[in-house]
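Dropping query17.pdb in here (PDB, C-alpha atoms and all ligand atoms):
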ATOM      1  CA  MET A   1     -10.238  45.311  43.854
ATOM      2  CA  PRO A   2     -11.093  45.921  47.527
ATOM      3  CA  THR A   3     -12.417  49.357  48.298
ATOM      4  CA  GLY A   4     -11.602  51.152  51.497
ATOM      5  CA  TYR A   5      -9.471  53.757  53.174
ATOM      6  CA  TRP A   6      -6.736  54.010  55.787
ATOM      7  CA  LYS A   7      -7.895  55.271  59.132
ATOM      8  CA  SER A   8      -5.373  56.559  61.664
ATOM      9  CA  VAL A   9      -5.508  58.150  65.049
ATOM     10  CA  VAL A  10      -2.879  60.889  65.331
ATOM     11  CA  ILE A  11      -1.960  62.302  68.736
ATOM     12  CA  ASN A  12       0.297  64.986  67.358
ATOM     13  CA  THR A  13       1.649  65.588  63.905
ATOM     14  CA  ARG A  14       4.296  62.878  64.258
ATOM     15  CA  LYS A  15       2.901  60.085  66.405
ATOM     16  CA  VAL A  16       0.407  57.659  64.916
ATOM     17  CA  ILE A  17      -0.921  55.369  67.629
ATOM     18  CA  TRP A  18      -2.787  53.038  65.311
ATOM     19  CA  THR A  19      -3.576  52.693  61.673
ATOM     20  CA  GLU A  20      -5.994  50.283  60.101
ATOM     21  CA  TRP A  21      -7.457  49.570  56.702
ATOM     22  CA  LYS A  22     -11.191  50.178  56.720
ATOM     23  CA  ASP A  23     -12.724  47.790  54.216
ATOM     24  CA  THR A  24     -15.825  49.562  53.026
ATOM     25  CA  ALA A  25     -17.342  46.429  51.512
ATOM     26  CA  TYR A  26     -16.976  44.824  54.956
ATOM     27  CA  ALA A  27     -19.131  47.609  56.371
ATOM     28  CA  GLN A  28     -21.544  47.745  53.384
ATOM     29  CA  ASP A  29     -20.533  51.297  52.573
ATOM     30  CA  ALA A  30     -18.569  50.848  49.337
ATOM     31  CA  VAL A  31     -21.554  52.413  47.550
ATOM     32  CA  PRO A  32     -24.665  54.170  48.908
ATOM     33  CA  VAL A  33     -27.407  51.775  50.056
ATOM     34  CA  ARG A  34     -29.720  52.769  47.188
ATOM     35  CA  GLU A  35     -27.076  51.651  44.670
ATOM     36  CA  GLN A  36     -26.296  48.306  46.302
ATOM     37  CA  LYS A  37     -26.984  45.143  44.344
ATOM     38  CA  GLU A  38     -24.784  42.579  46.088
ATOM     39  CA  ILE A  39     -24.377  41.359  49.606
ATOM     40  CA  THR A  40     -20.893  41.929  51.026
ATOM     41  CA  GLY A  41     -18.992  41.981  54.272
ATOM     42  CA  HIS A  42     -19.977  41.319  57.849
ATOM     43  CA  ALA A  43     -23.234  39.362  57.944
ATOM     44  CA  VAL A  44     -24.700  40.664  61.202
ATOM     45  CA  ARG A  45     -23.966  44.297  60.380
ATOM     46  CA  ALA A  46     -25.510  43.802  56.943
ATOM     47  CA  MET A  47     -28.728  42.477  58.481
ATOM     48  CA  TYR A  48     -29.020  45.378  60.902
ATOM     49  CA  LEU A  49     -28.336  47.912  58.147
ATOM     50  CA  TYR A  50     -30.906  46.367  55.802
ATOM     51  CA  THR A  51     -33.505  46.036  58.568
ATOM     52  CA  GLY A  52     -33.251  49.790  59.030
ATOM     53  CA  ALA A  53     -33.163  50.457  55.283
ATOM     54  CA  ALA A  54     -36.322  48.370  54.775
ATOM     55  CA  ASP A  55     -38.059  50.380  57.519
ATOM     56  CA  VAL A  56     -37.026  53.630  55.838
ATOM     57  CA  ALA A  57     -38.273  52.276  52.486
ATOM     58  CA  ALA A  58     -41.625  51.289  54.010
ATOM     59  CA  LEU A  59     -42.098  54.626  55.793
ATOM     60  CA  THR A  60     -40.990  56.914  52.957
ATOM     61  CA  GLY A  61     -41.936  54.860  49.907
ATOM     62  CA  ASP A  62     -38.413  55.561  48.589
ATOM     63  CA  GLU A  63     -38.141  53.417  45.459
ATOM     64  CA  GLY A  64     -34.340  53.462  45.526
ATOM     65  CA  TYR A  65     -34.270  51.793  48.934
ATOM     66  CA  MET A  66     -37.087  49.408  47.971
ATOM     67  CA  ASN A  67     -35.366  48.218  44.804
ATOM     68  CA  ALA A  68     -31.992  47.920  46.516
ATOM     69  CA  MET A  69     -33.521  45.851  49.322
ATOM     70  CA  LYS A  70     -35.228  43.487  46.853
ATOM     71  CA  THR A  71     -32.058  43.051  44.756
ATOM     72  CA  VAL A  72     -29.739  42.497  47.723
ATOM     73  CA  TRP A  73     -32.265  40.084  49.261
ATOM     74  CA  GLU A  74     -32.212  38.025  46.064
ATOM     75  CA  ASP A  75     -28.410  37.975  46.156
ATOM     76  CA  VAL A  76     -28.554  36.615  49.714
ATOM     77  CA  VAL A  77     -31.315  34.050  49.244
ATOM     78  CA  TYR A  78     -30.547  32.923  45.677
ATOM     79  CA  ARG A  79     -26.755  32.616  46.017
ATOM     80  CA  ASN A  80     -25.478  33.043  49.567
ATOM     81  CA  MET A  81     -27.751  31.280  52.063
ATOM     82  CA  TYR A  82     -27.384  27.859  53.641
ATOM     83  CA  ILE A  83     -30.286  25.438  53.622
ATOM     84  CA  THR A  84     -30.620  26.254  57.328
ATOM     85  CA  GLY A  85     -31.294  29.899  56.512
ATOM     86  CA  GLY A  86     -27.880  30.685  58.012
ATOM     87  CA  ILE A  87     -25.743  33.307  56.288
ATOM     88  CA  GLY A  88     -22.129  34.511  56.362
ATOM     89  CA  SER A  89     -20.098  31.445  55.421
ATOM     90  CA  SER A  90     -16.646  32.856  56.188
ATOM     91  CA  GLY A  91     -15.011  33.189  59.597
ATOM     92  CA  ASN A  92     -12.385  35.591  58.158
ATOM     93  CA  ASN A  93     -14.785  38.526  57.959
ATOM     94  CA  GLU A  94     -17.639  36.932  59.948
ATOM     95  CA  GLY A  95     -19.532  37.351  56.734
ATOM     96  CA  PHE A  96     -20.019  36.784  53.039
ATOM     97  CA  SER A  97     -17.401  35.526  50.621
ATOM     98  CA  LYS A  98     -18.145  34.508  47.020
ATOM     99  CA  ASP A  99     -21.466  33.488  45.537
ATOM    100  CA  TYR A 100     -22.247  29.793  46.181
ATOM    101  CA  ASP A 101     -19.283  29.440  48.587
ATOM    102  CA  LEU A 102     -21.201  27.509  51.231
ATOM    103  CA  PRO A 103     -18.914  24.952  52.930
ATOM    104  CA  ASN A 104     -20.641  22.828  55.555
ATOM    105  CA  GLU A 105     -17.952  22.089  58.137
ATOM    106  CA  ARG A 106     -16.336  25.530  57.894
ATOM    107  CA  ALA A 107     -19.677  27.338  57.856
ATOM    108  CA  TYR A 108     -19.505  30.369  60.104
ATOM    109  CA  CYS A 109     -23.225  31.176  60.147
ATOM    110  CA  GLU A 110     -23.227  33.292  63.281
ATOM    111  CA  THR A 111     -26.353  32.933  65.400
ATOM    112  CA  CYS A 112     -26.746  36.739  65.346
ATOM    113  CA  ALA A 113     -26.771  36.717  61.526
ATOM    114  CA  SER A 114     -29.786  34.377  61.513
ATOM    115  CA  VAL A 115     -31.461  36.551  64.148
ATOM    116  CA  GLY A 116     -30.805  39.439  61.763
ATOM    117  CA  MET A 117     -32.405  37.456  58.912
ATOM    118  CA  VAL A 118     -35.549  37.224  61.049
ATOM    119  CA  PHE A 119     -35.519  41.010  61.587
ATOM    120  CA  TRP A 120     -34.913  41.875  57.924
ATOM    121  CA  ASN A 121     -37.325  39.365  56.430
ATOM    122  CA  GLN A 122     -40.126  40.512  58.705
ATOM    123  CA  ARG A 123     -39.601  44.102  57.494
ATOM    124  CA  MET A 124     -39.550  42.911  53.875
ATOM    125  CA  ASN A 125     -42.828  41.052  54.463
ATOM    126  CA  LEU A 126     -44.451  44.062  56.098
ATOM    127  CA  MET A 127     -43.280  46.286  53.223
ATOM    128  CA  THR A 128     -44.431  44.012  50.384
ATOM    129  CA  GLY A 129     -47.067  41.684  51.854
ATOM    130  CA  ASP A 130     -45.281  38.765  50.167
ATOM    131  CA  SER A 131     -45.138  35.485  52.106
ATOM    132  CA  LYS A 132     -41.807  34.407  50.573
ATOM    133  CA  PHE A 133     -40.065  36.575  53.138
ATOM    134  CA  ILE A 134     -41.778  34.652  55.933
ATOM    135  CA  ASP A 135     -40.702  31.372  54.288
ATOM    136  CA  VAL A 136     -37.108  32.553  54.694
ATOM    137  CA  LEU A 137     -37.768  34.035  58.150
ATOM    138  CA  GLU A 138     -39.180  30.698  59.330
ATOM    139  CA  ARG A 139     -36.211  28.770  57.926
ATOM    140  CA  SER A 140     -33.650  31.091  59.581
ATOM    141  CA  LEU A 141     -35.622  31.197  62.836
ATOM    142  CA  TYR A 142     -35.896  27.448  63.372
ATOM    143  CA  ASN A 143     -32.698  26.214  61.746
ATOM    144  CA  GLY A 144     -30.169  29.058  61.780
ATOM    145  CA  ALA A 145     -31.028  31.013  64.944
ATOM    146  CA  ARG A 146     -32.963  28.819  67.360
ATOM    147  CA  ASP A 147     -30.345  26.051  67.111
ATOM    148  CA  GLY A 148     -27.932  28.530  68.701
ATOM    149  CA  LEU A 149     -29.665  27.867  72.033
ATOM    150  CA  SER A 150     -29.675  24.501  73.819
ATOM    151  CA  LEU A 151     -32.946  22.927  74.962
ATOM    152  CA  SER A 152     -31.752  23.515  78.521
ATOM    153  CA  GLY A 153     -31.553  27.233  77.651
ATOM    154  CA  ASP A 154     -28.044  27.809  79.059
ATOM    155  CA  ARG A 155     -25.651  26.765  76.266
ATOM    156  CA  PHE A 156     -25.016  28.650  73.047
ATOM    157  CA  PHE A 157     -23.528  28.356  69.588
ATOM    158  CA  TYR A 158     -21.732  31.389  68.201
ATOM    159  CA  GLY A 159     -21.028  29.795  64.810
ATOM    160  CA  ASN A 160     -23.403  27.173  63.475
ATOM    161  CA  PRO A 161     -21.521  24.717  61.233
ATOM    162  CA  LEU A 162     -23.571  22.249  59.211
ATOM    163  CA  ALA A 163     -21.126  19.348  59.678
ATOM    164  CA  SER A 164     -18.804  18.358  62.504
ATOM    165  CA  ASP A 165     -16.418  15.604  63.565
ATOM    166  CA  GLY A 166     -17.591  16.207  67.096
ATOM    167  CA  GLN A 167     -15.352  19.194  67.792
ATOM    168  CA  HIS A 168     -18.270  21.626  68.042
ATOM    169  CA  ALA A 169     -20.420  21.977  71.134
ATOM    170  CA  ARG A 170     -22.575  24.723  72.593
ATOM    171  CA  ARG A 171     -20.793  26.734  75.258
ATOM    172  CA  GLU A 172     -21.810  28.582  78.405
ATOM    173  CA  TRP A 173     -20.624  32.012  77.318
ATOM    174  CA  PHE A 174     -18.286  33.878  74.978
ATOM    175  CA  GLY A 175     -15.811  36.734  75.381
ATOM    176  CA  THR A 176     -17.820  38.554  72.730
ATOM    177  CA  ALA A 177     -21.261  37.684  73.993
ATOM    178  CA  CYS A 178     -23.569  39.043  71.291
ATOM    179  CA  CYS A 179     -25.191  35.711  70.409
ATOM    180  CA  PRO A 180     -26.533  34.608  73.841
ATOM    181  CA  ALA A 181     -28.186  37.997  74.397
ATOM    182  CA  ASN A 182     -29.480  38.187  70.841
ATOM    183  CA  ILE A 183     -31.102  34.746  70.872
ATOM    184  CA  ALA A 184     -32.613  35.457  74.314
ATOM    185  CA  ARG A 185     -34.169  38.633  72.917
ATOM    186  CA  LEU A 186     -35.474  36.806  69.846
ATOM    187  CA  VAL A 187     -37.076  33.958  71.782
ATOM    188  CA  SER A 188     -38.744  36.337  74.224
ATOM    189  CA  SER A 189     -40.097  38.457  71.346
ATOM    190  CA  LEU A 190     -41.315  35.540  69.220
ATOM    191  CA  GLY A 191     -44.889  36.773  69.615
ATOM    192  CA  ASN A 192     -44.050  39.721  67.345
ATOM    193  CA  TYR A 193     -43.497  37.434  64.361
ATOM    194  CA  ILE A 194     -46.568  35.188  64.413
ATOM    195  CA  TYR A 195     -49.247  37.568  63.076
ATOM    196  CA  GLY A 196     -49.602  40.670  60.967
ATOM    197  CA  PHE A 197     -52.468  43.125  61.329
ATOM    198  CA  SER A 198     -54.099  45.947  59.415
ATOM    199  CA  ASN A 199     -57.505  47.596  59.560
ATOM    200  CA  GLN A 200     -58.642  45.288  56.767
ATOM    201  CA  GLY A 201     -57.425  41.963  58.011
ATOM    202  CA  ILE A 202     -55.218  39.557  59.887
ATOM    203  CA  TRP A 203     -52.186  37.683  58.526
ATOM    204  CA  VAL A 204     -51.164  34.359  60.057
ATOM    205  CA  ASN A 205     -47.447  34.168  59.315
ATOM    206  CA  LEU A 206     -46.079  31.526  61.678
ATOM    207  CA  PHE A 207     -47.740  28.410  62.999
ATOM    208  CA  VAL A 208     -47.186  28.694  66.720
ATOM    209  CA  GLY A 209     -49.661  27.857  69.491
ATOM    210  CA  SER A 210     -50.709  31.276  70.733
ATOM    211  CA  ASN A 211     -53.495  33.722  71.380
ATOM    212  CA  THR A 212     -53.716  37.417  70.796
ATOM    213  CA  THR A 213     -56.203  40.258  70.491
ATOM    214  CA  THR A 214     -56.345  42.970  67.884
ATOM    215  CA  LYS A 215     -58.791  45.573  66.641
ATOM    216  CA  ILE A 216     -60.372  45.589  63.209
ATOM    217  CA  GLY A 217     -61.908  49.048  63.016
ATOM    218  CA  LYS A 218     -63.512  49.398  66.432
ATOM    219  CA  THR A 219     -64.096  45.705  66.985
ATOM    220  CA  GLU A 220     -61.858  43.706  69.238
ATOM    221  CA  VAL A 221     -60.953  40.310  67.798
ATOM    222  CA  LEU A 222     -59.625  37.430  69.854
ATOM    223  CA  LEU A 223     -57.501  35.014  67.858
ATOM    224  CA  THR A 224     -56.404  31.615  69.126
ATOM    225  CA  GLN A 225     -54.076  29.223  67.325
ATOM    226  CA  GLN A 226     -53.699  25.599  68.383
ATOM    227  CA  THR A 227     -51.014  23.503  66.743
ATOM    228  CA  ASN A 228     -48.146  21.158  67.360
ATOM    229  CA  TYR A 229     -46.319  22.429  64.259
ATOM    230  CA  PRO A 230     -43.737  21.566  63.028
ATOM    231  CA  TRP A 231     -44.227  18.047  64.406
ATOM    232  CA  ASP A 232     -47.783  18.014  63.066
ATOM    233  CA  GLY A 233     -49.187  19.992  60.139
ATOM    234  CA  LYS A 234     -52.615  20.546  61.658
ATOM    235  CA  ILE A 235     -53.408  24.166  62.488
ATOM    236  CA  LYS A 236     -56.640  25.232  64.223
ATOM    237  CA  LEU A 237     -57.514  28.905  64.329
ATOM    238  CA  THR A 238     -60.382  30.280  66.384
ATOM    239  CA  ILE A 239     -61.521  33.760  65.400
ATOM    240  CA  GLU A 240     -63.735  35.567  67.880
ATOM    241  CA  PRO A 241     -64.716  39.163  67.110
ATOM    242  CA  LYS A 242     -66.772  40.906  69.809
ATOM    243  CA  ASN A 243     -69.281  41.911  67.123
ATOM    244  CA  LYS A 244     -69.978  40.585  63.644
ATOM    245  CA  THR A 245     -67.296  42.211  61.434
ATOM    246  CA  LYS A 246     -66.158  41.860  57.841
ATOM    247  CA  PHE A 247     -62.421  41.367  57.317
ATOM    248  CA  ALA A 248     -59.951  39.143  55.492
ATOM    249  CA  MET A 249     -58.047  36.294  57.122
ATOM    250  CA  HIS A 250     -54.753  35.604  55.338
ATOM    251  CA  VAL A 251     -53.155  32.254  56.158
ATOM    252  CA  ARG A 252     -49.631  31.706  54.885
ATOM    253  CA  ILE A 253     -49.286  28.670  52.639
ATOM    254  CA  PRO A 254     -45.548  27.875  52.866
ATOM    255  CA  GLY A 255     -43.642  27.643  49.582
ATOM    256  CA  TRP A 256     -42.415  24.155  50.468
ATOM    257  CA  ILE A 257     -45.999  22.866  50.400
ATOM    258  CA  GLN A 258     -46.168  24.112  46.830
ATOM    259  CA  GLY A 259     -42.999  22.313  45.692
ATOM    260  CA  GLU A 260     -40.562  25.187  46.270
ATOM    261  CA  ALA A 261     -37.847  24.332  48.823
ATOM    262  CA  VAL A 262     -36.729  27.971  49.062
ATOM    263  CA  PRO A 263     -37.449  31.101  47.027
ATOM    264  CA  GLY A 264     -35.116  30.918  44.002
ATOM    265  CA  ASP A 265     -33.352  27.733  42.957
ATOM    266  CA  LEU A 266     -30.398  27.454  45.347
ATOM    267  CA  PHE A 267     -32.032  24.392  46.909
ATOM    268  CA  VAL A 268     -34.635  22.299  45.126
ATOM    269  CA  PHE A 269     -36.691  19.245  45.995
ATOM    270  CA  GLU A 270     -35.980  16.130  43.947
ATOM    271  CA  ASP A 271     -39.715  15.623  43.887
ATOM    272  CA  LYS A 272     -41.250  18.971  43.029
ATOM    273  CA  SER A 273     -44.864  17.850  43.230
ATOM    274  CA  LYS A 274     -47.095  19.940  45.425
ATOM    275  CA  THR A 275     -48.267  18.634  48.761
ATOM    276  CA  ASP A 276     -51.965  18.688  49.462
ATOM    277  CA  PHE A 277     -53.353  21.066  51.978
ATOM    278  CA  THR A 278     -56.961  21.663  52.896
ATOM    279  CA  LEU A 279     -58.677  24.624  54.433
ATOM    280  CA  SER A 280     -61.997  24.280  56.197
ATOM    281  CA  LEU A 281     -64.313  26.578  58.086
ATOM    282  CA  ASN A 282     -66.439  25.158  60.891
ATOM    283  CA  GLY A 283     -65.655  21.670  59.553
ATOM    284  CA  LYS A 284     -66.675  22.364  55.932
ATOM    285  CA  SER A 285     -64.322  23.057  53.025
ATOM    286  CA  VAL A 286     -64.314  26.723  52.153
ATOM    287  CA  ALA A 287     -63.569  28.835  49.079
ATOM    288  CA  TYR A 288     -60.455  31.004  49.243
ATOM    289  CA  LYS A 289     -58.244  32.949  46.878
ATOM    290  CA  MET A 290     -54.451  32.892  46.822
ATOM    291  CA  GLU A 291     -52.770  36.263  47.177
ATOM    292  CA  ASN A 292     -49.033  36.889  47.710
ATOM    293  CA  GLY A 293     -48.599  33.351  49.043
ATOM    294  CA  TYR A 294     -51.531  33.579  51.472
ATOM    295  CA  ALA A 295     -54.895  31.795  51.334
ATOM    296  CA  VAL A 296     -57.392  34.610  51.832
ATOM    297  CA  ILE A 297     -60.928  34.266  53.170
ATOM    298  CA  GLU A 298     -62.871  37.509  53.333
ATOM    299  CA  ARG A 299     -66.272  37.375  54.989
ATOM    300  CA  ASP A 300     -68.345  38.474  57.927
ATOM    301  CA  TRP A 301     -66.808  36.859  60.958
ATOM    302  CA  LYS A 302     -68.894  36.335  64.051
ATOM    303  CA  LYS A 303     -68.327  34.713  67.357
ATOM    304  CA  ALA A 304     -68.987  30.985  67.174
ATOM    305  CA  MET A 305     -71.920  29.696  69.255
ATOM    306  CA  TYR A 306     -71.589  26.320  70.866
ATOM    307  CA  TRP A 307     -74.637  24.366  71.989
ATOM    308  CA  ASN A 308     -74.583  21.629  74.591
TER
HETATM  309 ZN    ZN B   1     -23.334  37.046  67.688
END

Would you write out, as structure tokens, the structure that this file holds?
Amino acid sequence: MPTGYWKSVVINTRKVIWTEWKDTAYAQDAVPVREQKEITGHAVRAMYLYTGAADVAALTGDEGYMNAMKTVWEDVVYRNMYITGGIGSSGNNEGFSKDYDLPNERAYCETCASVGMVFWNQRMNLMTGDSKFIDVLERSLYNGARDGLSLSGDRFFYGNPLASDGQHARREWFGTACCPANIARLVSSLGNYIYGFSNQGIWVNLFVGSNTTTKIGKTEVLLTQQTNYPWDGKIKLTIEPKNKTKFAMHVRIPGWIQGEAVPGDLFVFEDKSKTDFTLSLNGKSVAYKMENGYAVIERDWKKAMYWN
């Protein structure tokens, strides 16, 4: 039974200039956010709402929001997400339909919805410290959002179907031009998604060639990442604190290395064996502990000295 209400604009007591059915599930307001357990309605609006709700949960510690966000996230990722990380399979409501209804050729998968998945999953990672949210963020970023932009940078997908007879092509612009602006904003803010910081440590979330500086306590730390990922799995991190400082480096070990295609079981590898990865420090293998999906090395870090 759809929930909603009729909304009218009345000029005087007799003349109704328009009337429309407001579908509350479409707008994620059939029940209060704290009571939500299922994903419904317009995919982009849902992502923006839940990005804000996750921020409120993180700031206030409100358990109602936290639990709702975790339950709705599972409904999205376990039952309503394409292998590309795209969401919102239906063009009718630009959003969600039924669980497991994920047609390839008719996939709507708006670029903005995948951009929204990046926003929401980053907040969920910051709130919980769990790397599974970055696994999903990375999937949506590279396969659901970034594909909305051509390599030439001037053609866009609005919907991102997973199969085509050749009738789909990126276009210059759209009458409703949310996606080109949204993907431009995402690409230019990519730096915000690569690392996480606290006073106790640094989190390496995405493998992207980059450098940045942060402060651990009062010490400035320069961090450089060299990699050709995803074409090559080699990642080289250079950690240069101004002074010797103790802190923890957390390096995300993607779920797919550990035999899990995605969190949940919506998509599984035929071969579930784990892939080998190695971690070394100054060329020697190093002890680490696994925590929330991250390999953690806590030690005194000091600036490397190179001798000629
Ligand atoms: Zn859009």

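Among A:Arg45, A:Arg34, A:Lys236, A:His250, the residue with the shortest atom-to-atom distance to ligand ZN 1 (chain B), counting all atoms listed in the file, is A:Arg45.
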
Open item on the list: If we count all atoms listed in the file and set the cut-off at 10 Å, which residues sit around Gly144 (chain A), ignoring sequence neighbours fewer than 2 positions away in its own chain? Please answer as a list of chain:residue names.
Closed with: A:Tyr82, A:Ile83, A:Thr84, A:Gly85, A:Gly86, A:Ile87, A:Cys109, A:Glu110, A:Thr111, A:Cys112, A:Ala113, A:Ser114, A:Val115, A:Met117, A:Val118, A:Leu137, A:Glu138, A:Arg139, A:Ser140, A:Leu141, A:Tyr142, A:Arg146, A:Asp147, A:Gly148, A:Gly159, A:Asn160, A:Pro161, A:Leu162

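Distances from A:Ile297, A:Ile235, A:Ala107, A:Ile134 to Ser210 (chain A) were compared using all atoms listed in the file, and the smallest one belongs to A:Ile235.
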
If you apply the PyMOL selection byres (((not hetatm)) within 12 of (chain B and resi 1)) to this file, what residues do you get, as a PDB file with C-alpha atoms, in the coordinates of the input?
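part07.pdb was written with the following content:
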ATOM      1  CA  HIS A  42     -19.977  41.319  57.849  1.00  0.00           C
ATOM      2  CA  ALA A  43     -23.234  39.362  57.944  1.00  0.00           C
ATOM      3  CA  VAL A  44     -24.700  40.664  61.202  1.00  0.00           C
ATOM      4  CA  ARG A  45     -23.966  44.297  60.380  1.00  0.00           C
ATOM      5  CA  MET A  47     -28.728  42.477  58.481  1.00  0.00           C
ATOM      6  CA  GLY A  88     -22.129  34.511  56.362  1.00  0.00           C
ATOM      7  CA  GLU A  94     -17.639  36.932  59.948  1.00  0.00           C
ATOM      8  CA  GLY A  95     -19.532  37.351  56.734  1.00  0.00           C
ATOM      9  CA  TYR A 108     -19.505  30.369  60.104  1.00  0.00           C
ATOM     10  CA  CYS A 109     -23.225  31.176  60.147  1.00  0.00           C
ATOM     11  CA  GLU A 110     -23.227  33.292  63.281  1.00  0.00           C
ATOM     12  CA  THR A 111     -26.353  32.933  65.400  1.00  0.00           C
ATOM     13  CA  CYS A 112     -26.746  36.739  65.346  1.00  0.00           C
ATOM     14  CA  ALA A 113     -26.771  36.717  61.526  1.00  0.00           C
ATOM     15  CA  SER A 114     -29.786  34.377  61.513  1.00  0.00           C
ATOM     16  CA  VAL A 115     -31.461  36.551  64.148  1.00  0.00           C
ATOM     17  CA  GLY A 116     -30.805  39.439  61.763  1.00  0.00           C
ATOM     18  CA  ALA A 145     -31.028  31.013  64.944  1.00  0.00           C
ATOM     19  CA  GLY A 148     -27.932  28.530  68.701  1.00  0.00           C
ATOM     20  CA  LEU A 149     -29.665  27.867  72.033  1.00  0.00           C
ATOM     21  CA  PHE A 156     -25.016  28.650  73.047  1.00  0.00           C
ATOM     22  CA  PHE A 157     -23.528  28.356  69.588  1.00  0.00           C
ATOM     23  CA  TYR A 158     -21.732  31.389  68.201  1.00  0.00           C
ATOM     24  CA  GLY A 159     -21.028  29.795  64.810  1.00  0.00           C
ATOM     25  CA  ASN A 160     -23.403  27.173  63.475  1.00  0.00           C
ATOM     26  CA  TRP A 173     -20.624  32.012  77.318  1.00  0.00           C
ATOM     27  CA  PHE A 174     -18.286  33.878  74.978  1.00  0.00           C
ATOM     28  CA  GLY A 175     -15.811  36.734  75.381  1.00  0.00           C
ATOM     29  CA  THR A 176     -17.820  38.554  72.730  1.00  0.00           C
ATOM     30  CA  ALA A 177     -21.261  37.684  73.993  1.00  0.00           C
ATOM     31  CA  CYS A 178     -23.569  39.043  71.291  1.00  0.00           C
ATOM     32  CA  CYS A 179     -25.191  35.711  70.409  1.00  0.00           C
ATOM     33  CA  PRO A 180     -26.533  34.608  73.841  1.00  0.00           C
ATOM     34  CA  ALA A 181     -28.186  37.997  74.397  1.00  0.00           C
ATOM     35  CA  ASN A 182     -29.480  38.187  70.841  1.00  0.00           C
ATOM     36  CA  ILE A 183     -31.102  34.746  70.872  1.00  0.00           C
ATOM     37  CA  ALA A 184     -32.613  35.457  74.314  1.00  0.00           C
TER      38      ALA A 184
END

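Nearest to Val262 (chain A) of all the residues A:Ala30, A:Met290, A:Met81, A:Ala53 is A:Met81, based on only C-alpha atoms.
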
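Reported to one decimal place, the separation of CA of Val251 (chain A) from CA of Glu220 (chain A) is 19.4 Å.
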
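Every residue that the PyMOL selection byres (((chain A and resi 271-284) around 9) and not hetatm) selects in this file is listed here: Ile253, Trp256, Ile257, Gln258, Gly259, Glu260, Ala261, Val268, Phe269, Glu270, Ser285, Val286, Ala287, Tyr288, Ala295 and Ala304 of chain A.
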
Store the residues picked out above, limited to C-alpha atoms, as a PDB file, in the coordinates of the input.
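The resulting file, out19.pdb, is reproduced below:
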ATOM      1  CA  ILE A 253     -49.286  28.670  52.639  1.00  0.00           C
ATOM      2  CA  TRP A 256     -42.415  24.155  50.468  1.00  0.00           C
ATOM      3  CA  ILE A 257     -45.999  22.866  50.400  1.00  0.00           C
ATOM      4  CA  GLN A 258     -46.168  24.112  46.830  1.00  0.00           C
ATOM      5  CA  GLY A 259     -42.999  22.313  45.692  1.00  0.00           C
ATOM      6  CA  GLU A 260     -40.562  25.187  46.270  1.00  0.00           C
ATOM      7  CA  ALA A 261     -37.847  24.332  48.823  1.00  0.00           C
ATOM      8  CA  VAL A 268     -34.635  22.299  45.126  1.00  0.00           C
ATOM      9  CA  PHE A 269     -36.691  19.245  45.995  1.00  0.00           C
ATOM     10  CA  GLU A 270     -35.980  16.130  43.947  1.00  0.00           C
ATOM     11  CA  SER A 285     -64.322  23.057  53.025  1.00  0.00           C
ATOM     12  CA  VAL A 286     -64.314  26.723  52.153  1.00  0.00           C
ATOM     13  CA  ALA A 287     -63.569  28.835  49.079  1.00  0.00           C
ATOM     14  CA  TYR A 288     -60.455  31.004  49.243  1.00  0.00           C
ATOM     15  CA  ALA A 295     -54.895  31.795  51.334  1.00  0.00           C
ATOM     16  CA  ALA A 304     -68.987  30.985  67.174  1.00  0.00           C
TER      17      ALA A 304
END

- [ ] Return the single residue from A:Gly209, A:Arg123, A:Val33, A:Lys302 that is closest to Glu63 (chain A), with distances computed using only C-alpha atoms.
- [x] A:Val33

- [ ] Identify all residues satisfying the PyMOL selection byres (((chain A and resi 194-203) around 7) and not hetatm) in the given file; provide them as JSON, numbers by chain.
- [x] {"A": [191, 192, 193, 204, 205, 206, 208, 216, 217, 247, 248, 249, 250, 251]}

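Going from CA of Asn211 (chain A) to CA of Leu223 (chain A) covers 5.5 Å.
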
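Distances from A:Val77, A:Leu151, A:Leu190, A:Leu222 to Glu38 (chain A) were compared using all atoms listed in the file, and the smallest one belongs to A:Val77.
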
Task: Counting all atoms listed in the file, the option among A:Thr128, A:Ser90, A:Ser164, A:Thr219 closest to Asp55 (chain A) - done: A:Thr128

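Taking CA of Gln36 (chain A) and CA of Asn121 (chain A) as endpoints, the distance between them is 17.4 Å.
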
Task: Residue neighbourhood Asp130 (chain A), 9 Å, all atoms listed in the file, exclusion window fewer than 6 positions, as an MDAnalysis selection string - done: chainID A and resid 124 291:294

Can those selected residues be exported to a file as a tab-separated table (two decimals), in the coordinates of the input so that it contains C-alpha atoms?
chain	number	residue	atom	x	y	z
A	124	MET	CA	-39.55	42.91	53.88
A	291	GLU	CA	-52.77	36.26	47.18
A	292	ASN	CA	-49.03	36.89	47.71
A	293	GLY	CA	-48.60	33.35	49.04
A	294	TYR	CA	-51.53	33.58	51.47

Report, as AutoDock Vina command-line options, the centre and edge lengths in Å (one decimal) of the axis-aligned box enclosing every listed atom of region 221-236 of chain A, padded by 6 Å on each side.
--center_x -52.3 --center_y 29.2 --center_z 65.0 --size_x 29.2 --size_y 34.3 --size_z 21.7
